[in-house]
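J.: I am attaching a structure below and will ask some questions about it afterwards.
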Amino acid sequence: MQRRLSTWLLLAPAGLWFAVMLVLPLCFVVVFSFGERAAAGGYVPAFTFAQYANLPARAAAFKNTLMLAPLGTILSLLIAYPLAYFLAMQADPKWRTLLLILVIVPFWTSILIRSYAWIFILGGQGLPAVIDWLGFGQVRLINTPFAVLTGIVYGYLPLMVLPVYVSLERLDKRLLEASADLGAPPLRSFLQVTLPLSLPGVATGCMLVFILLMGEFLIPAMLGGGKVFFIGNALVDLFLQSRNWAFGAAVAVTLVVIMLVTVSLYMWLMRRMGGVRDDVALM
Amino acid sequence: MRLYAFAVYLFLYLPIAVIAIFSFNAGRHASQFTGFSVQWYGKALSNPFVTEALWTSFIVALTSALIASVFGTMAALALQGMKGRVRVVADALIYVAVMVPGIVIGIATLIALVTLFGWINPLLALLAPEGQAPQLSMGYGSLIAAHALFSMSLVIIILRARLAGMDRSLMEASADLYASPFATFRQVTLPLIFPGILAGFLLSFTFSFDDFIIAFFVAGSETTLPIYVFSSIRRGVTPEINAIGTMVLVVSLLLLVAAQVILRRGPKKEGADAA
């Protein structure tokens with residue numbers, strides 16, 4: 001009995017925190033999404049689906065997000081996979097930990113400053129000036145989808161490398177020896193043994209990158225210059241500029257629903273692949 | 001393969017290096033390096049807006065990381081070995097707190113707190129009729145509370161991996177030797193999980209110090225350093241931002257490397273590899 005009481009006392013502060021700062025706010029968003037906009041901005045209680053019916057007004061943001069987020073995810077995967085493969089299969093074990101830390105660390109440093117670095121590099125005084133000087137003519141890099149994709153891959157690469165690395169590292173290396181002993185050339189071993197067995201890691205990485213990208217604001221705001229905007233940019237506009245809280249809440253709920261569908265799809269896929277869910281916490 | 005890996009590391013670190021190098025540029029422009037100078041650091045640190053924003057960020061990061069470490073550790077201890085409905089709910093909440101994008105958390109916190117304050121403030125005014133009633137508003141409190149939520153989830157996740165890898169027989173032995181539960185905690189459990197708590201604290205501090213998007217919504221009239229940097233980038237690229245950016249990167253890099261070293265020392269377990 002005493003043990004139970006102490007357990008509850010230990011849980012109480014965190015539980016209260018999660019209730020007030022997470023559960024309650026998320027409930028507010030759902031309630032607000034069925035409300036109406038006040039004349040001066042803000043929110044008037046109501047029960048209407050008008051905000052959801054109005055979603056096509058922000059179709060461009062949804063379209064951009066749903067095109068660039070998958071594209072960014074695939075690009076990150078293409079760049080991350082060989083690196084993860086190198087770290088898991090070929091890197092000197094002595095250096096492996098350090099090399100891994102070097103991949104993780106940028107993810108935890110300010111994405112703001114790291115995106116700013118690309119403004120600096122891709123902006124008129126940076127790379128384009130160099131290209132012009134080399135005689136290749138004038139190009140415009142900043143405020144293009146290319147700049148946004150570069151920022152995305154740069155920002156989310158670590159998140160993709162880790163799960164793929166974990167699945168490759170856990171792979172039973174004897175399977176590869178067996179495959180080689182049976183006369184399979186390296187490429188065939190890779191395609192028929194390594195790749196299929198690393199798919200759970202690939203799926204985890206893609207899911208993580210995709211759902212985080214869905215809510216991205218900073219990278220398109222800084223590298224897209226108002227021309228390439230995501231749902232996140234629409235949300236900032238709706239809440240902080242036009243103060244249309246009800247409509248903004250409906251956009252936010254839709255965003256979370258798209259993410260939930262993605263996660264469910266991922267869970268279903270993982271169960272079908274028979275893989276164990278890697279509890280990859282990026283720390 | 002080795003060459004490829006090298007190229008990816010170059011891609012990851014070159015932009016950071018460029019910022020750092022050009023923060024020491026005597027000239028204003030990014031196109032050429034006109035000489036070594038630390039003048040932009042002096043300019044940045046003598047700008048009262050920068051120092052004030054830096055101070056706000058520091059206070060918020062320190063307080064939220066402390067709250068998260070204490071409450072997060074308590075929750076992780078309580079959840080240790082727990083099964084059943086409470087555990088399922090706790091896991092789901094931690095998962096939601098980490099996975100829901102910061103922008104949605106920011107928005108949700110903004111509308112919830114503004115609405116709640118709208119209800120509470122008239123009540124406070126009734127209680128203190130002389131017009132002395134405290135008015136609740138967005139600012140330090142909401143920043144700290146919102147950052148502590150995410151950080152608490154981090155601390156719980158890290159400590160859970162630690163506690164799972166811990167030898168339970170040590171605690172049982174302590175109890176068998178008639179140590180009170182508190183003595184066992186202080187002399188056995190705490191020393192074993194302390195590296196995890198410290199790493200969690202450092203990561204929480206870094207998260208809060210670097211966070212832009214949640215702070216953007218819940219900061220009210222306060223300005224944190226990332227908010228200041230964001231709004232000055234909007235006005236144009238200046239060498240001063242390079243200097244601030246370099247300082248921010250160096251602070252977080254140091255804390256992160258410290259956290260990684262602490263986490264990877266000591267008992268090695270499955271979960272810690274991914275973590």
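Chain identifiers are assigned as A, B, and so on, following the order in which chains appear in the structure tokens; residues are numbered from 1 within each chain, and ligands are numbered from 1 in order of appearance.
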Using only C-alpha atoms, select each residue of chain A with any atom at most 6 Å away from an atom of chain B, and give the selection as a list in words.
T.: Thr7, Leu10, Leu11, Ala14, Pro25, Leu26, Phe28, Val29, Leu83, Thr109, Ser110, Ile113, Ala117, Gln125, Gly126, Gly215, Val280, Ala281, Leu282 and Met283 of chain A
J.: For atom CA of Val251 of chain A and atom CA of Glu216 of chain A, determine how far apart the two atoms are, in Å to one decimal place.
T.: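 Going from atom CA of Val251 of chain A over to atom CA of Glu216 of chain A covers 13.9 Å.
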J.: Please compute the atom CA of Arg243 of chain A-atom CA of Leu223 of chain A distance, one decimal, in Å.
T.: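 So the two atoms, atom CA of Arg243 of chain A and atom CA of Leu223 of chain A, lie 24.5 Å apart.
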J.: Would you pick out the contacts of segment 53-55 of chain B at 7 Å or less, using only C-alpha atoms, so that residues sharing its chain but fewer than 3 positions from it are not included, and give the list as a compact mmCIF listing (two decimals) with N, CA and C atoms, in the first residue's frame?
T.:
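This went into selection_22.txt:
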# COMPACT_ATOMS: atom_id res chain seq x y z
N PHE B 49 19.82 44.31 -27.23
CA PHE B 49 18.77 43.37 -27.63
C PHE B 49 19.31 41.94 -27.59
N VAL B 50 20.57 41.80 -28.03
CA VAL B 50 21.18 40.46 -28.06
C VAL B 50 21.39 39.95 -26.63
N PHE B 58 18.72 31.84 -21.63
CA PHE B 58 19.48 31.12 -20.62
C PHE B 58 18.57 30.76 -19.43
N ILE B 59 17.80 31.74 -18.93
CA ILE B 59 16.92 31.49 -17.79
C ILE B 59 15.88 30.42 -18.13
N THR B 223 11.53 37.91 -25.83
CA THR B 223 12.29 37.54 -27.01
C THR B 223 13.42 36.61 -26.60
N THR B 224 13.39 35.37 -27.12
CA THR B 224 14.52 34.47 -26.86
C THR B 224 15.54 34.70 -27.98
N LEU B 225 16.73 34.16 -27.80
CA LEU B 225 17.78 34.37 -28.78
C LEU B 225 17.39 33.87 -30.18
N TYR B 228 15.10 36.34 -31.73
CA TYR B 228 15.82 37.53 -32.15
C TYR B 228 16.57 37.26 -33.47
